[in-house]
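Here is the structure we will look at, set down as structure tokens.
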Amino acid sequence: MKAWKIIVLATALGLVGCGPHGAGQKLVAFSQANNAEPYRAAQKSLMEKLFAQTPDVKLVSSDAQQDNSKQIAQIETFIRQKPAVLIVAPNERDALTAVMGKAMEAGIPVICLERDIVQPNYATYIRMDNRAIGRMAGQFMVDQLTKKNGGPRGNVVFLRGLLGVEAEINRDGGAREILSRYPDIHIVADPVANWIQAEAHDRMTEVLRVQPKIDVVYGHNDPMAIGAYLAAKELGRDKEMIFTGVDGLGGPSGGIKKVMDGVLAATFVYPLGVKEAVEVSQKIMRDPSYKPPKVVTLDSIMVTSDNAADLYKKLTVAGE
Amino acid sequence: MSAWGLTIQRASRSRLFQVPSLLALVALMILAALVSPTASDGSRIFFEIGNLTDILRQVSVIGIISLGMTLVILTGGIDLSVGSVLALSTALVASVLTRPLLPGAPALHMMLAIGVAVLACGLVGALNGLVVARLQVQPFIVTLASMIGVRGLAKWFTANENVDIGFGKDVAAQFADIFRDKTVVIGSYIAAAIVFWVLLSKTVFGRHVRAIGDNPTASIYAGLPILKTQLWVYSLTGLLAGFAGVLYAAENHQGNPNAGVAYELDAIAAVVIGGTRLSGGQGTIIGTIIGTLIMGVLTNILRLNNIDSNVEMMIKAMIIVLAVAVQRKGRQ
């Protein structure tokens, strides 16, 4: 009576199940915070591609789907598998700090990717400098306004990401730091669109109804800049202003393509950090005397119509 | 495979395997042993004490919520608000802990924080129970409303920001260190499970809970204290969700108004997999614990084998349907 249930269950598991990793293979575990974000999906594809070049390394990855508890549990399970290296892109800093410490205690070198944690429970932290990106964006806006209006003057709109998040604080703060030096540049509106294109579309529509003259729109990520562009286009005002974003992902849906298409005037590459993470991992696995650097800070690249086509080829992950 | 199936079938006829969900759990454990990856010394990772206790710790929060959910479902009701209530609890406990209310008395401060969080959640539960029992509104609607409203309350209270507990030496960090300890978390789950098992199977209150769900009309004629029982059932469920929130806050080092989304569904799944009838009247705490463990063990073997978390969801869906279908057949 009940045996069929067991058999179905066993078959189901047998179908998807796979054995332990092969003898002599080195295991690298990657715990991703939320693969639904394009930036993070690109991290995963690139990591798979790079580790595939060394057949003696097996990469396993998990997706916490933006859930702290889930990511903690997934890392706990990885610890049991004793990987040679554990790469973690933490969902939130407080929640993941303790479990990453547990992995280090278990003798597993941890590489912390992109988001910081509270205590330095990692062998290497690969960080991107959002403040520098904000400043670069600010300088780009100043240059564009000077070119257009004959001097550093004009009206700017910011579209802000989720408030309180490090990336938002610094992409915003860095740009304001530069713009505040020019009294004739006015930030006429700075609505919050939570990183989301559809929200940016709505907020920008409201801004356009109120503001008769806008020169530059700065979205704190590319999707918001694109949402703003679509709103302006609907109201026939897209030629009046230029749009800039941040992220600069490769691939047909990424920001670099949007620069090539003339939708964005510029975007700023927020590096994936994967190439560096893989390099550090390989060195840890192959050179016992290697001391990984505690922090690796990555620089951004400004993408304009001049270099977009080149960067598109370079930064698009195969198979995307 | 088939010989193995037959062995299980024979075993299922013995008294030990009268509970179908227990059979499923045992089968799952055998399966886990078969497919478990091995450590470098050839031992099965699944059976490492560390891994088995990982499973228990990971199911504890949902496990504690499911205990209350069992009572509610036994009365023929449902409680959709538990996830939001958990979020409210994390926000309250972290907020009280991070304010300098009782300098120099950390133990008292912790008790105050936990007390405030758990009692507030008990009150939410009591409110659910009151509306269900007094105004005779369907539990689904009442708790759907409080699921939305309490989520709003938690977000409003924290301005939709996380309340960081931090890693210092203050009372908040001490709290997190104590309450995210594996032994404390698992111990809390076991203690709560024992209390609710006794409550349901050894007391008059427990008999009333079942009777109301089994035959509401007869319960009215028999003069059972329906209002009081329902009020208690929903209050206890709120208290448990609040307590689960305390553990959640410690584990994640933060109060999080967005925590626990869809936890009510995980809890309901654990209850029905454990053999409790969704229409009420029939079911046990032991069954729910087994249902919780089935989900936990399943998740663990899939993750040990690095199976895609999206496939994990599809397999869980199959398990839920199968478990309930088999139990229906068993009853007929």
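Chain labels A, B, ... are given in the sequence in which chains occur in the structure tokens; within each chain residues are numbered consecutively from 1, and ligands are likewise numbered from 1 in the order shown.
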
Determine which residues of chain B sit within 9 Å of chain A, taking into account only C-alpha atoms, and present them as a ChimeraX atom specification.
/B:1-2,4-9,12,20,23-24,27-28,31,35-40,45-46,48,50-51,54-55,58,161,164-167,248,251-254,259,300,302-311,315,318-319,322-323,326,329-330

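Here CA of Ala232 in chain A and CA of Arg203 in chain A stand 11.0 Å from one another.
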
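Restricting the calculation to only C-alpha atoms, the smallest distance between Asp177 in chain B and any of B:Ala250, B:Val131, B:Leu34, B:Ala222 is found for B:Ala250.
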
Neighbours of Ile114 in chain B within 10 Å (only C-alpha atoms; same-chain residues fewer than 4 positions away dropped), as a count of residues only?
19

Quick one: residues within 8 Å of Lys44 in chain A, only C-alpha atoms, excluding same-chain residues fewer than 4 positions away - as a list in words?
Gln32, Asn35, Arg40 and Glu48 of chain A
